[in-house]
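Data block for data_36.csv (CSV, C-alpha atoms and all ligand atoms):
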```
chain,number,residue,atom,x,y,z
A,78,MET,CA,0.0,0.0,0.0
A,79,LEU,CA,2.9,2.4,0.8
A,80,THR,CA,6.4,1.9,-0.5
A,81,ILE,CA,9.1,4.5,0.2
A,82,ASN,CA,12.4,4.1,-1.6
A,83,LYS,CA,15.6,6.0,-0.7
A,84,LEU,CA,13.7,9.1,0.5
A,85,THR,CA,16.1,12.0,1.2
A,86,LYS,CA,15.3,15.4,2.6
A,87,LYS,CA,17.6,18.2,3.7
A,88,PHE,CA,16.7,21.4,5.5
A,89,GLY,CA,19.6,23.6,4.6
A,90,LYS,CA,22.7,21.5,5.4
A,91,PHE,CA,20.8,19.3,7.9
A,92,LEU,CA,20.0,15.8,6.6
A,93,ALA,CA,16.5,15.1,8.0
A,94,LEU,CA,15.9,11.9,5.9
A,95,ASP,CA,18.8,9.8,4.7
A,96,ASN,CA,17.8,7.3,2.1
A,97,LEU,CA,14.8,6.1,4.0
A,98,ASP,CA,13.2,2.9,2.9
A,99,LEU,CA,9.8,1.7,4.2
A,100,THR,CA,7.1,-0.7,3.1
A,101,ILE,CA,3.6,-1.0,4.5
A,102,ARG,CA,1.1,-3.6,3.3
A,103,GLU,CA,-2.7,-3.3,3.1
A,104,GLN,CA,-4.5,-3.2,6.4
A,105,GLU,CA,-1.4,-3.0,8.5
A,106,ILE,CA,-1.4,-0.6,11.4
A,107,TYR,CA,2.2,0.5,11.2
A,108,GLY,CA,3.8,2.2,14.1
A,109,PHE,CA,6.5,4.7,13.3
A,110,VAL,CA,8.7,5.1,16.3
A,111,GLY,CA,11.6,7.3,16.9
A,112,PRO,CA,13.2,9.9,19.2
A,113,ASN,CA,12.5,13.6,18.8
A,114,GLY,CA,13.8,14.9,15.5
A,115,ALA,CA,14.3,11.5,14.0
A,116,GLY,CA,12.3,12.4,10.8
A,117,LYS,CA,8.8,11.0,11.4
A,118,THR,CA,6.9,14.2,10.7
A,119,THR,CA,9.0,15.0,7.7
A,120,THR,CA,8.4,11.5,6.2
A,121,MET,CA,4.6,11.8,6.9
A,122,LYS,CA,4.4,15.3,5.4
A,123,ILE,CA,6.2,14.2,2.2
A,124,CYS,CA,3.8,11.2,1.9
A,125,ALA,CA,0.9,13.6,2.4
A,126,GLY,CA,2.2,15.8,-0.4
A,127,LEU,CA,2.8,18.8,1.9
A,128,ILE,CA,6.5,19.2,1.5
A,129,LYS,CA,8.8,18.1,-1.3
A,130,ALA,CA,11.5,15.5,-1.1
A,131,ASP,CA,15.0,16.1,-2.5
A,132,SER,CA,15.1,12.6,-3.9
A,133,GLY,CA,13.6,9.2,-3.6
A,134,GLU,CA,10.2,7.6,-4.5
A,135,VAL,CA,6.9,7.2,-2.7
A,136,PHE,CA,4.2,4.9,-4.1
A,137,ILE,CA,0.8,4.8,-2.5
A,138,ASP,CA,-1.7,2.2,-3.8
A,139,GLY,CA,0.2,2.0,-7.0
A,140,ILE,CA,0.4,5.8,-7.6
A,141,ASP,CA,3.7,7.7,-7.9
A,142,ALA,CA,2.9,10.0,-5.0
A,143,LEU,CA,5.6,12.5,-5.6
A,144,LYS,CA,4.5,13.1,-9.1
A,145,ASN,CA,0.7,12.9,-8.8
A,146,ASN,CA,-0.3,15.2,-5.9
A,147,LYS,CA,-4.0,15.3,-7.0
A,148,GLU,CA,-4.3,11.5,-7.1
A,149,LEU,CA,-2.3,11.2,-3.9
A,150,LYS,CA,-4.8,13.4,-2.0
A,151,LYS,CA,-7.6,11.0,-2.9
A,152,LYS,CA,-5.7,8.1,-1.5
A,153,ILE,CA,-4.7,9.5,1.9
A,154,GLY,CA,-6.2,11.0,5.0
A,155,TYR,CA,-3.6,13.0,6.9
A,156,MET,CA,-3.9,14.1,10.5
A,157,PRO,CA,-1.1,16.4,11.6
A,158,ASP,CA,0.4,16.5,15.1
A,159,PHE,CA,-1.1,20.0,15.5
A,160,PHE,CA,-4.6,20.2,14.2
A,161,GLY,CA,-7.0,23.1,13.9
A,162,VAL,CA,-10.7,22.9,14.3
A,163,TYR,CA,-13.2,25.7,13.7
A,164,ASP,CA,-14.6,26.5,17.1
A,165,ASN,CA,-17.7,28.3,16.0
A,166,LEU,CA,-19.1,25.3,14.2
A,167,LYS,CA,-21.1,22.3,15.5
A,168,ALA,CA,-19.5,18.8,15.0
A,169,ILE,CA,-21.9,17.9,12.1
A,170,GLU,CA,-21.4,21.3,10.4
A,171,TYR,CA,-17.6,20.8,10.6
A,172,MET,CA,-17.9,17.4,9.0
A,173,GLU,CA,-20.3,18.7,6.3
A,174,PHE,CA,-17.8,21.6,5.6
A,175,TYR,CA,-15.0,19.1,4.9
A,176,ALA,CA,-17.4,16.8,2.9
A,177,SER,CA,-18.3,19.8,0.7
A,178,ILE,CA,-14.5,20.4,0.0
A,179,TYR,CA,-14.6,17.0,-1.6
A,180,GLY,CA,-17.7,17.8,-3.6
A,181,LEU,CA,-20.1,15.9,-1.3
A,182,ASN,CA,-23.3,17.7,-0.4
A,183,GLY,CA,-26.9,17.2,0.6
A,184,LYS,CA,-28.6,14.4,2.4
A,185,GLU,CA,-26.1,11.7,1.3
A,186,ALA,CA,-23.2,13.7,2.6
A,187,LYS,CA,-25.0,14.3,5.9
A,188,THR,CA,-25.7,10.6,6.3
A,189,MET,CA,-22.1,9.8,5.6
A,190,CYS,CA,-20.9,12.4,8.1
A,191,MET,CA,-23.2,11.0,10.8
A,192,GLU,CA,-21.8,7.5,10.1
A,193,LEU,CA,-18.3,8.8,10.5
A,194,LEU,CA,-19.2,10.6,13.8
A,195,GLU,CA,-20.7,7.2,14.9
A,196,LEU,CA,-17.4,5.5,14.0
A,197,VAL,CA,-15.3,7.9,16.1
A,198,GLN,CA,-17.9,7.6,18.9
A,199,LEU,CA,-19.2,11.2,18.6
A,200,ALA,CA,-22.6,10.5,17.2
A,201,GLU,CA,-24.4,11.8,20.2
A,202,HIS,CA,-22.3,15.0,20.1
A,203,TYR,CA,-23.2,15.8,16.5
A,204,ASP,CA,-25.0,19.0,17.6
A,205,ASP,CA,-22.3,20.1,20.1
A,206,TYR,CA,-20.1,23.1,19.3
A,207,VAL,CA,-16.5,22.1,18.6
A,208,ASP,CA,-15.1,24.5,21.1
A,209,SER,CA,-17.1,22.8,23.9
A,210,MET,CA,-15.4,19.4,23.2
A,211,SER,CA,-12.5,17.9,25.1
A,212,ARG,CA,-9.1,17.4,23.4
A,213,GLY,CA,-9.8,13.7,22.9
A,214,MET,CA,-13.1,14.5,21.2
A,215,LYS,CA,-11.6,17.1,19.0
A,216,GLN,CA,-8.9,14.7,18.0
A,217,ARG,CA,-11.5,12.1,17.1
A,218,LEU,CA,-13.4,14.7,15.1
A,219,CYS,CA,-10.3,15.5,13.2
A,220,LEU,CA,-9.8,11.8,12.5
A,221,ALA,CA,-13.4,11.6,11.2
A,222,ARG,CA,-12.8,14.6,8.9
A,223,CYS,CA,-9.8,12.7,7.4
A,224,LEU,CA,-12.2,10.0,6.4
A,225,VAL,CA,-14.8,11.9,4.5
A,226,HIS,CA,-13.3,11.1,1.1
A,227,ASN,CA,-12.9,7.4,2.1
A,228,PRO,CA,-9.1,7.3,1.7
A,229,LYS,CA,-7.3,3.9,1.7
A,230,LEU,CA,-4.2,5.1,3.7
A,231,LEU,CA,-4.4,7.1,7.0
A,232,ILE,CA,-1.3,9.0,8.0
A,233,LEU,CA,-1.7,10.0,11.6
A,234,ASP,CA,1.0,12.0,13.3
A,235,GLU,CA,1.1,11.4,17.1
A,236,PRO,CA,-2.7,10.9,17.4
A,237,ALA,CA,-2.4,9.8,21.0
A,238,SER,CA,-0.4,12.8,22.2
A,239,GLY,CA,-2.0,14.9,24.9
A,240,LEU,CA,-4.8,12.3,25.5
A,241,ASP,CA,-5.6,10.9,28.9
A,242,PRO,CA,-5.5,7.1,29.2
A,243,ARG,CA,-9.3,6.7,28.7
A,244,ALA,CA,-9.2,8.8,25.5
A,245,ARG,CA,-6.2,6.7,24.3
A,246,VAL,CA,-8.2,3.5,24.7
A,247,VAL,CA,-11.0,4.9,22.7
A,248,MET,CA,-8.6,6.0,19.9
A,249,LYS,CA,-7.0,2.6,19.9
A,250,ASP,CA,-10.4,0.9,19.5
A,251,ILE,CA,-11.2,3.2,16.6
A,252,LEU,CA,-7.9,2.5,14.8
A,253,LYS,CA,-8.5,-1.3,15.1
A,254,ARG,CA,-12.0,-0.9,13.7
A,255,LEU,CA,-10.7,1.2,10.8
A,256,SER,CA,-8.1,-1.4,10.0
A,257,SER,CA,-10.6,-4.2,10.1
A,258,GLU,CA,-12.7,-2.2,7.7
A,259,GLY,CA,-9.9,-2.2,5.2
A,260,LYS,CA,-7.8,0.9,6.0
A,261,THR,CA,-4.1,0.9,6.1
A,262,ILE,CA,-2.7,3.1,8.9
A,263,LEU,CA,0.7,4.7,9.4
A,264,ILE,CA,0.9,6.2,12.9
A,265,SER,CA,3.7,7.9,14.7
A,266,SER,CA,4.2,8.1,18.4
A,267,HIS,CA,6.6,8.4,21.3
A,268,ILE,CA,4.3,6.4,23.5
A,269,LEU,CA,5.8,3.0,22.7
A,270,PRO,CA,3.8,0.6,24.8
A,271,GLU,CA,0.7,2.1,23.4
A,272,LEU,CA,1.9,1.6,19.9
A,273,ALA,CA,2.8,-2.0,20.6
A,274,GLN,CA,-0.8,-2.7,21.7
A,275,VAL,CA,-2.5,-1.2,18.7
A,276,CYS,CA,0.0,-1.8,15.9
A,277,THR,CA,0.5,-4.9,13.8
A,278,HIS,CA,3.9,-3.7,12.6
A,279,ALA,CA,6.4,-1.1,13.5
A,280,GLY,CA,9.5,0.6,12.2
A,281,ILE,CA,12.1,2.4,14.3
A,282,ILE,CA,13.6,5.5,12.7
A,283,GLU,CA,16.7,7.3,13.9
A,284,SER,CA,18.5,10.2,12.3
A,285,GLY,CA,16.4,9.9,9.2
A,286,ARG,CA,17.0,6.2,8.6
A,287,LEU,CA,14.9,3.2,9.3
A,288,VAL,CA,16.9,1.0,11.7
A,289,MET,CA,14.4,-1.8,12.1
A,290,SER,CA,11.1,-2.8,10.7
A,291,GLY,CA,8.8,-5.8,10.9
A,292,SER,CA,5.8,-7.3,12.7
A,293,ILE,CA,5.6,-6.5,16.4
A,294,GLU,CA,6.4,-10.2,17.2
A,295,GLU,CA,9.4,-10.2,14.8
A,296,ILE,CA,10.8,-7.0,16.3
A,297,THR,CA,10.4,-7.9,19.9
A,298,SER,CA,11.8,-11.4,19.4
A,299,ALA,CA,14.7,-10.2,17.2
A,300,ARG,CA,16.4,-9.0,20.3
A,301,GLY,CA,15.3,-11.4,23.0
A,302,ASN,CA,18.0,-10.3,25.3
A,303,ALA,CA,17.0,-6.7,25.0
A,304,ARG,CA,15.0,-7.0,28.2
A,305,PRO,CA,16.1,-4.2,30.5
A,306,ILE,CA,16.3,-4.4,34.3
A,307,VAL,CA,13.9,-1.9,35.9
A,308,LEU,CA,14.5,-0.8,39.4
A,309,LYS,CA,12.8,1.7,41.7
A,310,MET,CA,14.9,3.9,43.9
A,311,VAL,CA,13.6,4.9,47.3
A,312,ASP,CA,16.7,6.7,48.8
A,313,ASN,CA,20.3,7.5,48.1
A,314,GLN,CA,19.6,7.7,44.4
A,315,GLU,CA,23.0,9.1,43.5
A,316,ILE,CA,24.8,6.1,45.1
A,317,THR,CA,22.6,3.6,43.2
A,318,ILE,CA,23.2,5.4,39.9
A,319,GLN,CA,26.9,5.6,40.5
A,320,VAL,CA,27.2,1.8,41.3
A,321,ILE,CA,25.1,1.0,38.1
A,322,LYS,CA,27.3,3.2,35.9
A,323,GLU,CA,30.5,1.6,37.2
A,324,ASN,CA,29.3,-1.9,36.6
A,325,PRO,CA,31.1,-3.3,33.5
A,326,TYR,CA,27.9,-5.0,32.2
A,327,THR,CA,25.9,-1.7,32.1
A,328,ARG,CA,25.2,-0.8,28.5
A,329,LYS,CA,22.7,2.0,28.8
A,330,ILE,CA,20.8,3.7,31.6
A,331,THR,CA,17.6,5.8,31.5
A,332,ILE,CA,16.3,7.5,34.5
A,333,LEU,CA,12.7,8.8,34.9
A,334,ASP,CA,11.8,10.1,38.3
A,335,ASN,CA,12.8,7.3,40.6
A,336,THR,CA,12.7,4.6,38.0
A,337,VAL,CA,15.9,3.3,36.4
A,338,THR,CA,15.7,1.4,33.1
A,339,LEU,CA,19.0,-0.4,32.5
A,340,LEU,CA,20.3,-2.4,29.6
A,341,PHE,CA,22.5,-4.9,31.2
A,342,SER,CA,24.5,-7.5,29.3
A,343,GLY,CA,25.4,-9.7,32.3
A,344,ASN,CA,23.9,-13.0,33.2
A,345,GLU,CA,21.8,-13.8,36.3
A,346,GLU,CA,24.9,-14.1,38.6
A,347,GLN,CA,26.2,-10.7,37.4
A,348,GLU,CA,22.8,-9.3,37.9
A,349,ALA,CA,22.8,-10.6,41.5
A,350,THR,CA,26.3,-9.0,42.1
A,351,LEU,CA,25.0,-5.7,40.8
A,352,LEU,CA,22.0,-5.8,43.2
A,353,SER,CA,24.2,-6.7,46.2
A,354,SER,CA,26.7,-3.9,45.4
A,355,ILE,CA,23.9,-1.4,45.2
A,356,ILE,CA,22.6,-2.4,48.6
A,357,GLN,CA,26.1,-2.6,50.2
A,358,GLY,CA,26.8,0.8,48.8
A,359,GLY,CA,23.8,2.2,50.7
A,360,GLY,CA,21.3,2.5,47.8
A,361,VAL,CA,17.8,1.9,48.9
A,362,ILE,CA,15.5,0.3,46.3
A,363,SER,CA,12.1,-1.2,46.4
A,364,SER,CA,12.2,-3.4,43.3
A,365,PHE,CA,14.7,-4.8,40.8
A,366,SER,CA,13.5,-7.1,37.9
A,367,ARG,CA,14.0,-7.9,34.3
A,368,GLU,CA,11.2,-6.5,32.1
A,369,GLU,CA,9.4,-8.6,29.6
A,370,SER,CA,10.8,-8.1,26.1
A,371,SER,CA,9.0,-5.1,24.6
A,372,LEU,CA,9.1,-2.7,21.8
A,373,GLU,CA,10.2,-0.1,24.3
A,374,SER,CA,13.2,-2.0,25.5
A,375,LEU,CA,14.2,-2.6,22.0
A,376,PHE,CA,13.8,1.0,21.1
A,377,LEU,CA,16.0,2.0,24.1
A,378,GLN,CA,18.6,-0.4,22.9
A,379,ILE,CA,18.9,0.5,19.3
A,380,THR,CA,18.4,4.2,19.4
A,381,HIS,CA,21.0,6.5,20.8
A,382,GLU,CA,19.1,8.6,23.1
A,383,GLU,CA,21.1,10.9,25.4
A,384,GLU,CA,21.9,9.4,28.7
A,385,LYS,CA,20.1,11.2,31.4
B,401,LIG,N1,11.1,23.3,8.1
B,401,LIG,C1,12.2,22.9,8.7
B,401,LIG,N2,13.4,23.6,8.7
B,401,LIG,C2,14.5,23.2,9.3
B,401,LIG,N3,14.6,22.0,10.0
B,401,LIG,C3,13.5,21.2,10.0
B,401,LIG,C4,12.3,21.6,9.4
B,401,LIG,N4,11.4,20.6,9.7
B,401,LIG,C5,12.0,19.7,10.4
B,401,LIG,N5,13.3,20.0,10.6
B,401,LIG,C6,14.3,19.3,11.4
B,401,LIG,O1,14.4,18.0,10.8
B,401,LIG,C7,14.5,17.0,11.8
B,401,LIG,C8,13.4,16.0,11.7
B,401,LIG,O2,12.2,16.6,12.1
B,401,LIG,P1,10.8,15.9,12.3
B,401,LIG,O3,9.8,16.9,12.7
B,401,LIG,O4,10.6,15.1,11.0
B,401,LIG,O5,11.2,14.8,13.4
B,401,LIG,P2,10.2,13.9,14.3
B,401,LIG,O6,10.7,12.6,14.3
B,401,LIG,O7,8.8,14.1,13.8
B,401,LIG,O8,10.3,14.6,15.7
B,401,LIG,P3,9.2,14.9,16.8
B,401,LIG,O9,8.9,13.5,17.4
B,401,LIG,O10,9.9,15.8,17.8
B,401,LIG,O11,8.1,15.5,16.1
B,401,LIG,C9,14.6,17.8,13.1
B,401,LIG,O12,15.9,17.9,13.5
B,401,LIG,C10,13.9,19.1,12.8
B,401,LIG,O13,14.5,20.1,13.6
```

Full structure transcribed into structure tokens:
Amino acid sequence: MLTINKLTKKFGKFLALDNLDLTIREQEIYGFVGPNGAGKTTTMKICAGLIKADSGEVFIDGIDALKNNKELKKKIGYMPDFFGVYDNLKAIEYMEFYASIYGLNGKEAKTMCMELLELVQLAEHYDDYVDSMSRGMKQRLCLARCLVHNPKLLILDEPASGLDPRARVVMKDILKRLSSEGKTILISSHILPELAQVCTHAGIIESGRLVMSGSIEEITSARGNARPIVLKMVDNQEITIQVIKENPYTRKITILDNTVTLLFSGNEEQEATLLSSIIQGGGVISSFSREESSLESLFLQITHEEEK
């Protein structure tokens, strides 16, 4: 459904996309994962025909997307990371406005708009003003608007960002339904565990290159030993971090509040030695365990995020 070959894009001297290759087949929900500035939005904007590539090819449902902007627009629905909605409109008016842009008017258009509102779980809010809606509802309305011309490929830039957990679950259910109804979905996010739950496939992008791609199972099993140790610090955090950093088997350490995620190449015995040296050093921790293999642990291992 989507094939990207050797896509390259520079902003001035900065190489944002570096010969990026990517393939997504029909009905896949493909998670596009990468650290800030990796090139996700740039890739999506090129695929949506919003910015030009320097070189490379993009084929969408058989169309040469970089050469047929008009045809491309029929094939895709694009939801940007920052979206605008017209506050002084009601939900149904907003939908009908977008339908009219695609030449759809009258009773038929209204029925279709109501069906889309139903799909994004906003049917009972059809008469609500957009500015009275929550962020999650506005985001779903924006998704519904991307569907008015019945595109085959949805390109969604960070659709879960800024949503509370409940709103994310609703969004996830909607994406699964869209996929089961035949849509192919490319979705970017930083929220890795969420992506793993909803996506059938994923690709990890770093510095404008795809460093890994495949089904979620393939990706997580490809690096079985990528399981990090997760430990929670209660007191003397600096000592704990110092001991971990000095251990020869420490590969990478990420710290978020009082939780340390640690890529550790040692075996169980070396793990036990690390634990006892933390405690002997005076570090106070409340848990220390190997995480299940996950997309997130893999991401930590293969991207080069700054150590915190
Ligand atoms: N119009 C622009 N002019 C100059 N540099 C740009 C422009 N757009 C993007 N960049 C740079 O290109 C790189 C890739 O940006 P991009 O927005 O594609 O990354 P991203 O993976 O979507 O990141 P994020 O998750 O933070 O949105 C970044 O370093 C960014 O600063």

CA of Ala168 (chain A) to CA of Leu194 (chain A), distance in Å rounded to a single decimal: 8.3 Å

List all protein, DNA and RNA residues that have an atom no more than 10 Å from any atom of ligand LIG 401 (chain B), counting all atoms listed in the file, and report them as a PDB file with C-alpha atoms, in the frame of the given file.
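Everything below was put into pocket_0.pdb:
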```pdb
ATOM      1  CA  LYS A  86      15.300  15.400   2.600  1.00  0.00           C
ATOM      2  CA  LYS A  87      17.600  18.200   3.700  1.00  0.00           C
ATOM      3  CA  PHE A  88      16.700  21.400   5.500  1.00  0.00           C
ATOM      4  CA  GLY A  89      19.600  23.600   4.600  1.00  0.00           C
ATOM      5  CA  LYS A  90      22.700  21.500   5.400  1.00  0.00           C
ATOM      6  CA  PHE A  91      20.800  19.300   7.900  1.00  0.00           C
ATOM      7  CA  LEU A  92      20.000  15.800   6.600  1.00  0.00           C
ATOM      8  CA  ALA A  93      16.500  15.100   8.000  1.00  0.00           C
ATOM      9  CA  LEU A  94      15.900  11.900   5.900  1.00  0.00           C
ATOM     10  CA  PHE A 109       6.500   4.700  13.300  1.00  0.00           C
ATOM     11  CA  VAL A 110       8.700   5.100  16.300  1.00  0.00           C
ATOM     12  CA  GLY A 111      11.600   7.300  16.900  1.00  0.00           C
ATOM     13  CA  PRO A 112      13.200   9.900  19.200  1.00  0.00           C
ATOM     14  CA  ASN A 113      12.500  13.600  18.800  1.00  0.00           C
ATOM     15  CA  GLY A 114      13.800  14.900  15.500  1.00  0.00           C
ATOM     16  CA  ALA A 115      14.300  11.500  14.000  1.00  0.00           C
ATOM     17  CA  GLY A 116      12.300  12.400  10.800  1.00  0.00           C
ATOM     18  CA  LYS A 117       8.800  11.000  11.400  1.00  0.00           C
ATOM     19  CA  THR A 118       6.900  14.200  10.700  1.00  0.00           C
ATOM     20  CA  THR A 119       9.000  15.000   7.700  1.00  0.00           C
ATOM     21  CA  THR A 120       8.400  11.500   6.200  1.00  0.00           C
ATOM     22  CA  MET A 121       4.600  11.800   6.900  1.00  0.00           C
ATOM     23  CA  LYS A 122       4.400  15.300   5.400  1.00  0.00           C
ATOM     24  CA  ILE A 123       6.200  14.200   2.200  1.00  0.00           C
ATOM     25  CA  ILE A 128       6.500  19.200   1.500  1.00  0.00           C
ATOM     26  CA  ASP A 158       0.400  16.500  15.100  1.00  0.00           C
ATOM     27  CA  ASP A 234       1.000  12.000  13.300  1.00  0.00           C
ATOM     28  CA  GLU A 235       1.100  11.400  17.100  1.00  0.00           C
ATOM     29  CA  SER A 265       3.700   7.900  14.700  1.00  0.00           C
ATOM     30  CA  SER A 266       4.200   8.100  18.400  1.00  0.00           C
ATOM     31  CA  HIS A 267       6.600   8.400  21.300  1.00  0.00           C
ATOM     32  CA  ILE A 282      13.600   5.500  12.700  1.00  0.00           C
ATOM     33  CA  GLU A 283      16.700   7.300  13.900  1.00  0.00           C
ATOM     34  CA  SER A 284      18.500  10.200  12.300  1.00  0.00           C
ATOM     35  CA  GLY A 285      16.400   9.900   9.200  1.00  0.00           C
TER      36      GLY A 285
END
```

Residue with smallest distance to Glu134 (chain A) - pool A:Leu99, A:Leu84, A:Leu181, A:Leu272, counting all atoms listed in the file: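 Closest candidate: A:Leu84.
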
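For the pair CA of Lys129 (chain A) and CA of Pro228 (chain A), the separation is 21.1 Å.
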
Residue neighbourhood Asn335 (chain A), 12 Å, only C-alpha atoms, exclusion window fewer than 3 positions, as a PDB file with C-alpha atoms, in the frame of the given file:
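This is the output file part_39.pdb:
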```pdb
ATOM      1  CA  VAL A 307      13.900  -1.900  35.900  1.00  0.00           C
ATOM      2  CA  LEU A 308      14.500  -0.800  39.400  1.00  0.00           C
ATOM      3  CA  LYS A 309      12.800   1.700  41.700  1.00  0.00           C
ATOM      4  CA  MET A 310      14.900   3.900  43.900  1.00  0.00           C
ATOM      5  CA  VAL A 311      13.600   4.900  47.300  1.00  0.00           C
ATOM      6  CA  ASP A 312      16.700   6.700  48.800  1.00  0.00           C
ATOM      7  CA  ASN A 313      20.300   7.500  48.100  1.00  0.00           C
ATOM      8  CA  GLN A 314      19.600   7.700  44.400  1.00  0.00           C
ATOM      9  CA  GLU A 315      23.000   9.100  43.500  1.00  0.00           C
ATOM     10  CA  THR A 317      22.600   3.600  43.200  1.00  0.00           C
ATOM     11  CA  ILE A 318      23.200   5.400  39.900  1.00  0.00           C
ATOM     12  CA  THR A 331      17.600   5.800  31.500  1.00  0.00           C
ATOM     13  CA  ILE A 332      16.300   7.500  34.500  1.00  0.00           C
ATOM     14  CA  THR A 338      15.700   1.400  33.100  1.00  0.00           C
ATOM     15  CA  VAL A 361      17.800   1.900  48.900  1.00  0.00           C
ATOM     16  CA  ILE A 362      15.500   0.300  46.300  1.00  0.00           C
ATOM     17  CA  SER A 363      12.100  -1.200  46.400  1.00  0.00           C
ATOM     18  CA  SER A 364      12.200  -3.400  43.300  1.00  0.00           C
TER      19      SER A 364
END
```

Point (18.6, 7.0, 5.2) neighbourhood (7 Å, only C-alpha atoms) written as a list in words: Lys83, Thr85, Leu94, Asp95, Asn96, Leu97, Gly285, Arg286 and Leu287 of chain A

Cut-off 6 Å around (0.3, 5.3, 14.3) with all atoms listed in the file: residues as number ranges by chain: A: 108, 233, 263-265

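CA of Arg254 (chain A) is positioned 23.1 Å from CA of Cys124 (chain A).
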
Nearest residue to Ile306 (chain A) from the set A:Asp204, A:Glu368, A:Glu148, A:Glu294 (distances using all atoms listed in the file): A:Glu368

Within 9 Å of region 240-245 of chain A using only C-alpha atoms, minus same-chain residues under 5 positions, as a PyMOL selection string: chain A and resi 212-214+216+250+271

Those residues you just picked out, can you put them in a file as an mmCIF file, in the coordinates of the input with C-alpha atoms?
```
data_model
loop_
_atom_site.group_PDB
_atom_site.id
_atom_site.type_symbol
_atom_site.label_atom_id
_atom_site.label_comp_id
_atom_site.auth_asym_id
_atom_site.auth_seq_id
_atom_site.Cartn_x
_atom_site.Cartn_y
_atom_site.Cartn_z
ATOM 1 C CA ARG A 212 -9.100 17.400 23.400
ATOM 2 C CA GLY A 213 -9.800 13.700 22.900
ATOM 3 C CA MET A 214 -13.100 14.500 21.200
ATOM 4 C CA GLN A 216 -8.900 14.700 18.000
ATOM 5 C CA ASP A 250 -10.400 0.900 19.500
ATOM 6 C CA GLU A 271 0.700 2.100 23.400
#
```

Selected residue, from A:Gln198, A:Asn145, A:Ser366, A:Asn82, that lies nearest to Arg304 (chain A) when counting only C-alpha atoms: A:Ser366

Surrounding residues of Tyr203 (chain A) excluding itself and chain neighbours under 5 positions, 12 Å, all atoms listed in the file, as a VMD selection string: chain A and resid 166 to 173 187 to 188 190 to 195 197 to 198 209 to 210 214 to 215 218 221

Among listed residues A:Asn227, A:Ser211, A:Ser132, A:Thr277, nearest Tyr155 (chain A) (using only C-alpha atoms):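 Checking each of A:Asn227, A:Ser211, A:Ser132, A:Thr277 against Tyr155 (chain A), counting only C-alpha atoms, the winner is A:Asn227.
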
Could you list, as a PDB file with C-alpha atoms, keeping the file's coordinate frame, every residue within 9 Å of Leu224 (chain A), counting only C-alpha atoms and ignoring same-chain residues fewer than 5 positions away?
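Dumped everything to result_26.pdb:
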```pdb
ATOM      1  CA  ILE A 153      -4.700   9.500   1.900  1.00  0.00           C
ATOM      2  CA  GLY A 154      -6.200  11.000   5.000  1.00  0.00           C
ATOM      3  CA  LEU A 193     -18.300   8.800  10.500  1.00  0.00           C
ATOM      4  CA  CYS A 219     -10.300  15.500  13.200  1.00  0.00           C
ATOM      5  CA  LEU A 231      -4.400   7.100   7.000  1.00  0.00           C
TER       6      LEU A 231
END
```

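Among the candidates A:Ile81, A:Ile101, A:Asn324, A:Gln274, the one nearest to Ser290 (chain A) when counting all atoms listed in the file is A:Ile101.
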
Of the listed residues A:Ile262, A:Asp208, A:Arg367, A:Lys329, that which approaches Tyr163 (chain A) most closely, counting only C-alpha atoms: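 Closest to Tyr163 (chain A), using only C-alpha atoms: A:Asp208.
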